[in-house]
Amino acid sequence: MFGPEQGHFALALACVLALVQFAVPLWGANRRDARLVGLAPYLAVSQLLALGYSFLCLVMCAVSDDFSVQNVAANSAVSKPLLYKITGVWGNHEGSVLLWTLILAVCGGAVSLFGRNLPDILRGRVLAILGGVSAGFQMFCLLTSDPFERVFPAPMDGQGMNPLLQDPGLAFHPPILYTGYVGFAVPFAFAVAALIEGRVDAAWGRWVRPWAVAAWCFLTCGIALGSWWSYYVLGWGGYWFWDPVENASLIPWLTGTALVHSAIVVEKREGLKIWTVLLAIATFSFSLSGTFLVRSGILNSVHAFANDPARGVFILALLAIVIGGSLALFAWRAPSLTSTGLFSPVSREGSLVLNNILLCSICAVVVTGTMYPPFMQLLAGRTISVGKPFFDAATIPLTLPLLLAMGVGTALPWKRAQLARTFSHLYAAAGIAAIGLALCFWKLSGILPIACGALAIWVIAASVSDVLRRIGLGHTSAQGVWERMKNLPRSSWGAALAHIGAGITILGLCGMSQAEHAIVEVHIGETRSLAGDDWTLLDVHDYIGPNYKAMQADIAIRHNGKFVTILHPEKRDFTTQSQTTTEVAIHTNFITDLYGVVGDRHGTGKDTTYVLRLHRNPLAPWMWLGGLVMAIGGAFSLSDRRMRIGAPKRAAARNMARA
Amino acid sequence: MTRKTRRLWIVIACLACVGSAAALTLRAFSSNIVFFMAPSQVKASPPSPDRTIRLGGMVMAGSLHRINENGTPVNAFQVTDGQAAVEVHYTGILPDLFREGQSVVALGTVQKDGGFTASEVLAKHDETYMPKEVADELKRTGKWDPRFGKAPDASSWDTMTAKKAGG
């Protein structure tokens, strides 16, 4: 019922359905044949069902330990816990490509279900584009990386999974990150459909924005989760390594953030149309390149555990078709889109334009830093690399004006603003930011952390004061405030929350710039002090885990003689994979993380010493908390009535008549 | 505000941002680019002590030992590309995947005495994958042809004769 052959057949069926979903609605839209266009949602849903069945088959193979399937034999083992048998399905190349296409199909299904208020022709075209991309990836899956391949003779047990990856954080990281990546396929499809149609208007902006916001939320969560994972699993005390794979997720996030903002201008003022379409295409192109970078091994990195250049050729062709094709269409059709909205440089639109320019500049810097080393190697044969110093020096100065503008932007009215009037709203926030600056001077060292910290406080204060002003606190009665709170659009709440989240993340990053660490070699009972805390190694003992041997240390921490906590860092030895992992121990009070790692044991008897690495990481949890707040903000604005209802009926009717 | 002046504003803003981004990038590149070097290259032309480089090669088997500098543990080991070996000093806990006889990449500076002080040591994620730079260097010097199986153990390189391609 759920065997690998059934799964393989369902995958092939889904691929054929996706091809039909690509061809028929486009042809139908061209011939103005409503019946052909109307087929698109049914095709999308049936493709989703077929693919879902196929994925379920692969999961069943892994759960039932069917080691005759190559993919399961290579990545699973009988002794593996059930959770990791399921999540291990997407922990490898073949399974992750299948997951990728499944998420794409889910997006198609969502457009079919939630896009009922879209004009039929537009919906047909959007689904057709999604189907085309889907078909490409499913073909990639079928032809070069078949997850259902059988192996003969079947081994008795699988080879198991890298113990480093057996972690709940990493188990759910890929699906969330992929949903973020793939979610931008929907704005992309909308952009291409708009180019084919030759028309972008306010209604289009309103339809496309929820999809962009949803994808952005997932991508934000995915990046935050990945960063958190490397913080507490890799045990280097770092949270972001400017690794090509990490950059590959940051780049679409930057353009996606720009897209979420520029789509507002399309929706409210019918401006920046061409730019928004280009951003939608660029964001998905960067998402696709992100997968390509990881899968092809063009950019080697510590994260790449699926290197295979042979598959790269197929992906490269797929990228050339999708990105090249959409850009060619853009070059051909974009001139026919004209902007109508006029606005002065000092206005909400003006600040959003500035936001876009700055985000894209940062993105350009990250792209350059990521792509320059491999290109240099290709062209000049010289192996070089750039790391944290480069990215810090190049991106932080561009982030400062962005933060400054974030605070001002939400206070500006549309069309034309009077600076004096706007600034009168911002006095309180500026005052708080000034106090923040003093606080930063006291607590932080280094000019960039101080500036970033003060500006982050400015962003938070300005967002809060903007909401307070809108609900009329201090000007109207309590009843009036309540009424206004209820009437304030959810998207305004969401925007304020997202900005506050960004401020929290930046504060966390500033705090982490002041992190201190020490590497010490101590006997049992010895005490070392780090930044005011006394760390005492109480004891070290060995124990046997389910599939590993572990060495566990007990480290007591006292602050000014007062007991704080005992940390239990471990070093685990996985015998079957002959691999060691480090289990970090973290004590957090949400202001400061105390982070302990136990290293090697040296000597024997009384002279036994242990290497410990001790970290004090101020504000570390804020980095991921801010990401979560940003995503919640995005989800809040998704729940806005205007987003759910979509465009006003009148505009929809007009579109229908024109179509 | 006419369409033209608005466009002018946007163009000015774009130029300012993109210009400063380019300037920042170039400035950061000129001071922060890290070159990869193999031990034989370090021996042949040592870079200046204030220049950070990435040193890559195999950890020579049996070369890892510890020095204790006033309570701070320092790991010392030899990194080789089969032609020359460089002594690397690293303060800290070596990564879980660090093994003698396997490939490693160290980030740091070359000291006046020819030794290498690492600020970061990277070992790879799994058993079969070797940093590309190290693999290229091994192939270039003829120590390893991937067609004939896995890379040889690092300790044997100094005595090995280079295999001819197809031989």
# chains A, B, ... in the order shown; residues from 1 in each chain; ligands from 1
call {"tool": "closest_atom_pairs", "arguments": {"of": "chain A", "to": "chain B", "cutoff": "8 Å", "atoms": "only C-alpha atoms", "output": "tab-separated table"}}
result
residue	atom	partner	partner_atom	distance
A:Asn162	CA	B:Asp126	CA	7.9
A:Asn300	CA	B:Lys132	CA	7.2
A:Val302	CA	B:His125	CA	6.0
A:His303	CA	B:His125	CA	7.2
A:Ala304	CA	B:His125	CA	8.0
A:Phe305	CA	B:His125	CA	7.0
A:Leu342	CA	B:Arg3	CA	6.9
A:Phe343	CA	B:Met1	CA	7.2
A:Ser344	CA	B:Met1	CA	6.0
A:Pro345	CA	B:Arg6	CA	6.8
A:Val353	CA	B:Ile10	CA	7.8
A:Leu354	CA	B:Ala13	CA	7.3
A:Ile357	CA	B:Cys14	CA	6.1
A:Leu358	CA	B:Cys17	CA	6.4
A:Ser361	CA	B:Val18	CA	5.7
A:Ile362	CA	B:Ala21	CA	7.2
A:Ala364	CA	B:Ala21	CA	7.9
A:Val365	CA	B:Thr25	CA	6.4
A:Arg382	CA	B:Phe35	CA	7.7
A:Thr383	CA	B:Phe36	CA	5.3
A:Ile384	CA	B:Phe35	CA	4.2
A:Ser385	CA	B:Val34	CA	5.0
A:Val386	CA	B:Ile33	CA	5.2
A:Gly387	CA	B:Asn32	CA	7.6
A:Pro389	CA	B:Asn32	CA	6.2
A:Phe390	CA	B:Ala28	CA	5.1
A:Phe391	CA	B:Ala28	CA	7.8
A:Ala393	CA	B:Ala28	CA	5.9
A:Ala394	CA	B:Leu24	CA	5.0
A:Thr395	CA	B:Ala21	CA	8.0
A:Leu398	CA	B:Ala21	CA	7.1
A:Ile519	CA	B:Gly92	CA	5.7
A:Val520	CA	B:Thr72	CA	5.1
A:Glu521	CA	B:Gly71	CA	5.5
A:Val522	CA	B:Gly71	CA	7.2
A:Gln579	CA	B:Leu97	CA	7.0
A:Thr580	CA	B:Asp96	CA	5.4
A:Thr581	CA	B:Asp96	CA	5.9
A:Thr582	CA	B:Asp96	CA	7.0
A:Gly599	CA	B:Ile93	CA	5.7
A:Asp600	CA	B:Ile93	CA	7.5
A:Val611	CA	B:Pro73	CA	7.1
A:Leu612	CA	B:Ile93	CA	7.8
A:Arg613	CA	B:Ile93	CA	7.3
call {"tool": "residues_around", "arguments": {"residues": "Val133 in chain A", "least_positions_apart": "2", "cutoff": "9 Å", "atoms": "only C-alpha atoms", "output": "list of chain:residue names"}}
result
A:Ala18, A:Phe22, A:Thr101, A:Leu104, A:Ala128, A:Ile129, A:Leu130, A:Gly131, A:Ala135, A:Gly136, A:Phe137, A:Gln138, A:Ala185, A:Leu318, A:Val322
call {"tool": "select_by_dssp", "arguments": {"residues": "range 34-71 of chain B", "states": "helix (DSSP H, G or I)", "output": "list of chain:residue names"}}
result
B:Pro39, B:Ser40, B:Gln41, B:Val42, B:Lys43, B:Ala44
call {"tool": "residues_around", "arguments": {"residues": "Ser529 in chain A", "least_positions_apart": "3", "cutoff": "10 Å", "atoms": "only C-alpha atoms", "output": "ChimeraX atom specification"}}
result
/A:518,532-536,557-559,614
call {"tool": "residues_around", "arguments": {"residues": "Cys510 in chain A", "least_positions_apart": "6", "cutoff": "8 Å", "atoms": "only C-alpha atoms", "output": "number ranges by chain"}}
result
A: 444, 449-450, 452-453
